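Colleague: Quick one: the structure is below, questions incoming.
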Amino acid sequence: MAAAQEPTPTVIVVGAGMSGIFAAKTLPDAAIKNILILEATNRVGGRIKKTNFAGSSVELGANWVEGVKGDQVNPIWTMVNKIGLKTYYSDFDHLANHTYKQIYGLVYEESVAQQAYDSADELSTFSQNLSVSLSRRKQTDMSILASQQLKNHDFGEDYYFVADSRGYESVVHYVANQFLTTDKAGDITDPRLVLNKAVTKIQYSKSGVVVKTEDGSVYKAKYVMVSASIGVLQTNLIDFVPDLPAWKLLAIYQFDMSIYTKIFLNFPYKFWPTGNHTEFFIHANEKRGYYTVWQQLENEYPGANCLLVTVTDDESRRVEQQPDSETLAEIMDVLRNMFGKNIPDATDILVPKWWSDRFYKGTFSNWPIGVDQHEYDQIRAPVGRVYFTGEHTSEHYTGYVHGAYLAGIDSANILIKCAKKKICKYNIKPKSS
């Protein structure tokens with residue numbers, strides 16, 4: 001007797017990160033239960049990923065719940081508290097007291113440093129107000145990111161650092177476990193999730209889609225939901241057949257993929273200030289972005305003797321292309337300029353490399369100058385039976401974890417509207433003049 005064949009899925013979801021999982025959960029909630037999730041890596045979580053460093057569980061990617069204690073409750077904050085993840089308030093209010101010159105230690109003239117920070121705040125407020133003004137007059141924004149940041153304040157301006165052995169990714173698992181079967185240990189065993197399946201080709205027509213993976217597997221469905229990052233969509237990892245239309249490709253390539261690299265360092269003992277209001281400090285180097293923003297992690301990882309330094313974009317790319325030993329040497333020079341020549345060498349370094357990873361190509365998307373609602377609609381718009389989701393498709397929260405969450409729900413609802421109600425037209429607002 002021939003073995004029973006698995007039914008053809010209604011929807012294939014490409015990617016098991018935050019957006020992919022939330023989209024996949026929303027579909028069964030609307031009675032589209034015949035789904036299949038194809039994940040390129042060996043895990044669920046996407047750009048929310050933990051690892052062990054110096055005996056502590058640290059976050060390689062997303063680390064903060066950004067936007068807490070506002071007029072509205074951030075849905076990620078709700079879930080973090082629901083599962084009891086350990087979080088720590090990030091206090092950025094005392095940087096003027098902990099700003100270091102390029103050499104020779106602290107800027108002791110606190111008023112000088114504070115004046116610089118006040119000027120930056122004034123510029124940010126001006127940009128936000130101008131953004132709102134332009135939007136009300138239906139003019140193209142000089143920087144749509146300003147209005148995005150302003151809208152984020154609905155959830156609040158407080159940031160909370162996640163430091164829990166279960167990892168921030170447990171939020172994604174919490175949602176996945178609501179609709180995917182697990183074993184007694186809590187590991188996902190549901191056959192609707194298939195790991196290590198890198199999608200390399202999506203062929204689409206009026207009748208359905210055919211999805212091919214790197215190992216030669218072929219899957220058919222009525223629809224496909226692509227949650228790959230904007231950085232991946234800008235590469236040739238996934239071949240769309242036929243090619244995506246010119247308007248879609250243009251919108252994809254108009255967006256930016258930012259890189260935010262958190263470099264972790266471990267030392268034999270602490271030589272930096274600790275205690276209240278000392279968590280963050282700044283190194284004012286003449287080279288922009290050269291190991292500038294520092295965080296001591298005594299609250300989050302007591303006794304671990306760990307520091308975190310952040311680099312972004314061009315510096316991130318440069319650091320990813322050199323040996324970690326060179327990065328460590330550069331960092332130690334900076335630290336010795338701040339704290340003196342007698343500080344100990346770091347015993348370990350961890351440099352995440354999101355840009356080099358072909359499955360991510362960065363950490364979060366960014367709306368560049370000149371991009372407005374028109375391009376956003378194009379980014380999110382489906383092409384035939386191919387749908388798109390991800391934090392880059394979030395109207396108000398691009399780049400945020402809660403943006404990924406909300407985008408997954410919104411994109412799934414667009415698909416549901418077509419699949420269940422046969423309302424498949426997606427309206428794209430005209431370009432602002």
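Naming works like this for the structure tokens: A, B, ... for the chains as they're shown, residue 1 at the start of each chain, ligands 1 onward in shown order.
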Excluding range 198-212 of chain A and residues on its chain fewer than 3 positions from it, collect all residues at most 12 Å away from it, counting only C-alpha atoms, and give them as number ranges by chain.
Modeller: A: 8-16, 36-42, 194-195, 215-228, 232-233, 235-244, 358-360, 382-387, 419
Colleague: Going by DSSP on the backbone, which residues of range 200-306 of chain A come out as strand (DSSP E)? List them as JSON, numbers by chain.
Modeller: {"A": [200, 201, 202, 203, 204, 205, 208, 209, 210, 211, 212, 213, 218, 219, 220, 221, 223, 224, 225, 226, 239, 240, 241, 256, 257, 258, 260, 261, 262, 263, 264, 265, 266, 280, 281, 282, 283, 293, 294, 295, 296, 306]}
Colleague: Identify, on the basis of only C-alpha atoms, every residue whose closest approach to His392 in chain A does not exceed 9 Å; exclude the query and any residue fewer than 2 positions from it along the same chain; express the result as a list of chain:residue names.
Modeller: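 Using only C-alpha atoms, the neighbours found are A:Ser229, A:Ile230, A:Phe255, A:Phe364, A:Ser365, A:Asn366, A:Trp367, A:Tyr376, A:Ile379, A:Arg380, A:Thr389, A:Gly390, A:Ser394, A:Glu395, A:Tyr397, A:Thr398, A:Gly399, A:Gly403, A:Ala404, A:Ala407.
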Colleague: Using only C-alpha atoms, what does the table of range 302-373 of chain A residues within 8 Å of range 260-266 of chain A look like, with each row giving the shortest atom pair and its distance in Å to one decimal, sorted by chain and ascending number, as JSON lines?
Modeller:
```
{"residue": "A:Ala304", "atom": "CA", "partner": "A:Asn266", "partner_atom": "CA", "distance": 7.4}
{"residue": "A:Asn305", "atom": "CA", "partner": "A:Asn266", "partner_atom": "CA", "distance": 5.8}
{"residue": "A:Cys306", "atom": "CA", "partner": "A:Asn266", "partner_atom": "CA", "distance": 4.6}
{"residue": "A:Leu307", "atom": "CA", "partner": "A:Leu265", "partner_atom": "CA", "distance": 5.2}
{"residue": "A:Leu308", "atom": "CA", "partner": "A:Phe264", "partner_atom": "CA", "distance": 4.6}
{"residue": "A:Val309", "atom": "CA", "partner": "A:Ile263", "partner_atom": "CA", "distance": 5.2}
{"residue": "A:Thr310", "atom": "CA", "partner": "A:Lys262", "partner_atom": "CA", "distance": 4.6}
{"residue": "A:Val311", "atom": "CA", "partner": "A:Thr261", "partner_atom": "CA", "distance": 5.3}
{"residue": "A:Thr312", "atom": "CA", "partner": "A:Tyr260", "partner_atom": "CA", "distance": 4.6}
{"residue": "A:Asp313", "atom": "CA", "partner": "A:Tyr260", "partner_atom": "CA", "distance": 6.6}
{"residue": "A:Ser316", "atom": "CA", "partner": "A:Thr261", "partner_atom": "CA", "distance": 6.1}
{"residue": "A:Ala346", "atom": "CA", "partner": "A:Asn266", "partner_atom": "CA", "distance": 5.5}
{"residue": "A:Thr347", "atom": "CA", "partner": "A:Asn266", "partner_atom": "CA", "distance": 5.6}
{"residue": "A:Asp348", "atom": "CA", "partner": "A:Asn266", "partner_atom": "CA", "distance": 5.2}
{"residue": "A:Ile349", "atom": "CA", "partner": "A:Leu265", "partner_atom": "CA", "distance": 4.7}
{"residue": "A:Leu350", "atom": "CA", "partner": "A:Phe264", "partner_atom": "CA", "distance": 5.1}
{"residue": "A:Val351", "atom": "CA", "partner": "A:Ile263", "partner_atom": "CA", "distance": 4.9}
{"residue": "A:Pro352", "atom": "CA", "partner": "A:Thr261", "partner_atom": "CA", "distance": 6.3}
{"residue": "A:Lys353", "atom": "CA", "partner": "A:Thr261", "partner_atom": "CA", "distance": 7.4}
{"residue": "A:Trp354", "atom": "CA", "partner": "A:Thr261", "partner_atom": "CA", "distance": 7.8}
{"residue": "A:Gly362", "atom": "CA", "partner": "A:Tyr260", "partner_atom": "CA", "distance": 7.6}
{"residue": "A:Thr363", "atom": "CA", "partner": "A:Tyr260", "partner_atom": "CA", "distance": 6.1}
{"residue": "A:Phe364", "atom": "CA", "partner": "A:Tyr260", "partner_atom": "CA", "distance": 8.0}
```
Colleague: Can you pull out every residue from range 343-430 of chain A that DSSP, working from the backbone, puts in helix (DSSP H, G or I), and format the result as a CSV table (one decimal) with C-alpha atoms, in the first residue's frame?
Modeller:
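Just written: selection33.csv:
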```csv
chain,number,residue,atom,x,y,z
A,373,GLN,CA,4.7,56.2,2.0
A,374,HIS,CA,4.7,55.3,-1.7
A,375,GLU,CA,7.9,53.3,-1.5
A,376,TYR,CA,6.8,51.7,1.8
A,377,ASP,CA,3.6,50.5,0.1
A,378,GLN,CA,5.6,49.1,-2.7
A,379,ILE,CA,8.0,47.3,-0.3
A,380,ARG,CA,5.0,45.6,1.5
A,391,GLU,CA,10.5,44.7,10.0
A,392,HIS,CA,11.2,46.5,6.8
A,393,THR,CA,7.5,46.3,5.9
A,401,VAL,CA,11.5,44.0,17.2
A,402,HIS,CA,7.9,45.1,17.7
A,403,GLY,CA,7.9,46.3,14.1
A,404,ALA,CA,8.7,42.7,13.0
A,405,TYR,CA,5.9,41.4,15.2
A,406,LEU,CA,3.3,43.9,13.9
A,407,ALA,CA,4.5,43.4,10.3
A,408,GLY,CA,4.0,39.6,10.5
A,409,ILE,CA,0.4,40.1,11.6
A,410,ASP,CA,-0.3,42.8,9.0
A,411,SER,CA,1.2,40.9,6.1
A,412,ALA,CA,-0.7,37.7,7.0
A,413,ASN,CA,-3.9,39.7,7.1
A,414,ILE,CA,-3.3,41.0,3.6
A,415,LEU,CA,-2.8,37.4,2.4
A,416,ILE,CA,-5.9,36.2,4.4
A,417,LYS,CA,-8.0,39.0,2.8
A,418,CYS,CA,-7.1,37.6,-0.6
A,419,ALA,CA,-7.2,33.9,0.2
A,420,LYS,CA,-10.5,33.9,2.2
A,421,LYS,CA,-12.4,36.9,0.9
```
Colleague: State, in Å with one decimal place, the distance from CA of Tyr168 in chain A to CA of Gly61 in chain A.
Modeller: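 Computed distance, CA of Tyr168 in chain A to CA of Gly61 in chain A, equals 9.3 Å.
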Colleague: When you look at Arg317 in chain A with a cut-off of 9 Å (counting only C-alpha atoms), what residues show up, excluding the ones that are within fewer than 6 positions of it in the same chain? I need them as a ChimeraX atom specification.
Modeller: /A:259,353,355-356
Colleague: Please dump the current selection as a CSV table (one decimal), in the first residue's frame; keep C-alpha atoms.
Modeller:
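Below you can see out_0.csv, which holds the result:
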```csv
chain,number,residue,atom,x,y,z
A,259,ILE,CA,24.6,47.1,10.6
A,353,LYS,CA,29.2,39.3,11.9
A,355,TRP,CA,26.7,41.7,7.4
A,356,SER,CA,28.9,38.7,6.3
```
Colleague: Excluding range 172-175 of chain A and its own-chain neighbours fewer than 3 positions away, which residues fall within 6 Å of it when counting only C-alpha atoms? Please give them as number ranges by chain.
Modeller: A: 18, 45, 169, 178
Colleague: Now that the selection is made, can you save its residues with N, CA and C atoms as a PDB file, in the first residue's frame?
Modeller:
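Below is the file that was written, result02.pdb:
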```pdb
ATOM      1  N   MET A  18      11.112  36.598  13.748  1.00  0.00           N
ATOM      2  CA  MET A  18       9.958  37.181  14.418  1.00  0.00           C
ATOM      3  C   MET A  18       8.781  37.356  13.465  1.00  0.00           C
ATOM      4  N   GLY A  45      14.173  32.152  15.272  1.00  0.00           N
ATOM      5  CA  GLY A  45      14.521  33.397  15.946  1.00  0.00           C
ATOM      6  C   GLY A  45      15.070  34.479  15.047  1.00  0.00           C
ATOM      7  N   GLU A 169      15.322  35.320  22.191  1.00  0.00           N
ATOM      8  CA  GLU A 169      14.639  34.506  21.190  1.00  0.00           C
ATOM      9  C   GLU A 169      13.519  33.666  21.781  1.00  0.00           C
ATOM     10  N   GLN A 178       2.626  28.259  20.483  1.00  0.00           N
ATOM     11  CA  GLN A 178       1.173  28.394  20.544  1.00  0.00           C
ATOM     12  C   GLN A 178       0.470  27.725  19.375  1.00  0.00           C
TER      13      GLN A 178
END
```
Colleague: I'd like the contact shell of Val65 in chain A - 12 Å cut-off, only C-alpha atoms, skipping same-chain residues fewer than 3 positions apart - returned as JSON, numbers by chain.
Modeller: {"A": [48, 62, 68, 69, 73, 74, 75, 76, 77, 78, 79, 80, 81, 85, 86, 87, 88, 89, 90, 152, 155, 156, 157, 158, 159, 160, 161, 162, 163, 168, 171, 400, 401, 402, 403]}
Colleague: Could you list, as a list in words, every residue within 8 Å of Phe339 in chain A, counting only C-alpha atoms and ignoring same-chain residues fewer than 5 positions away?
Modeller: Gly105, Phe271 and Trp272 of chain A
Colleague: Smallest atom-to-atom distance to Lys341 in chain A: which of A:Lys270, A:Pro28, A:Asp71, A:Tyr104, using only C-alpha atoms?
Modeller: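 Residue with the minimum atom-to-atom distance to Lys341 in chain A: A:Tyr104.
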Colleague: Under the rule that only C-alpha atoms are counted, which of A:Ala381, A:Asp187, A:Ser56, A:Phe280 is the nearest residue to Lys429 in chain A?
Modeller: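 Result for the nearest residue to Lys429 in chain A: A:Ala381.
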Colleague: Can you measure CA of Thr181 in chain A to CA of Val58 in chain A for me? One decimal in Å is fine.
Modeller: 27.4 Å
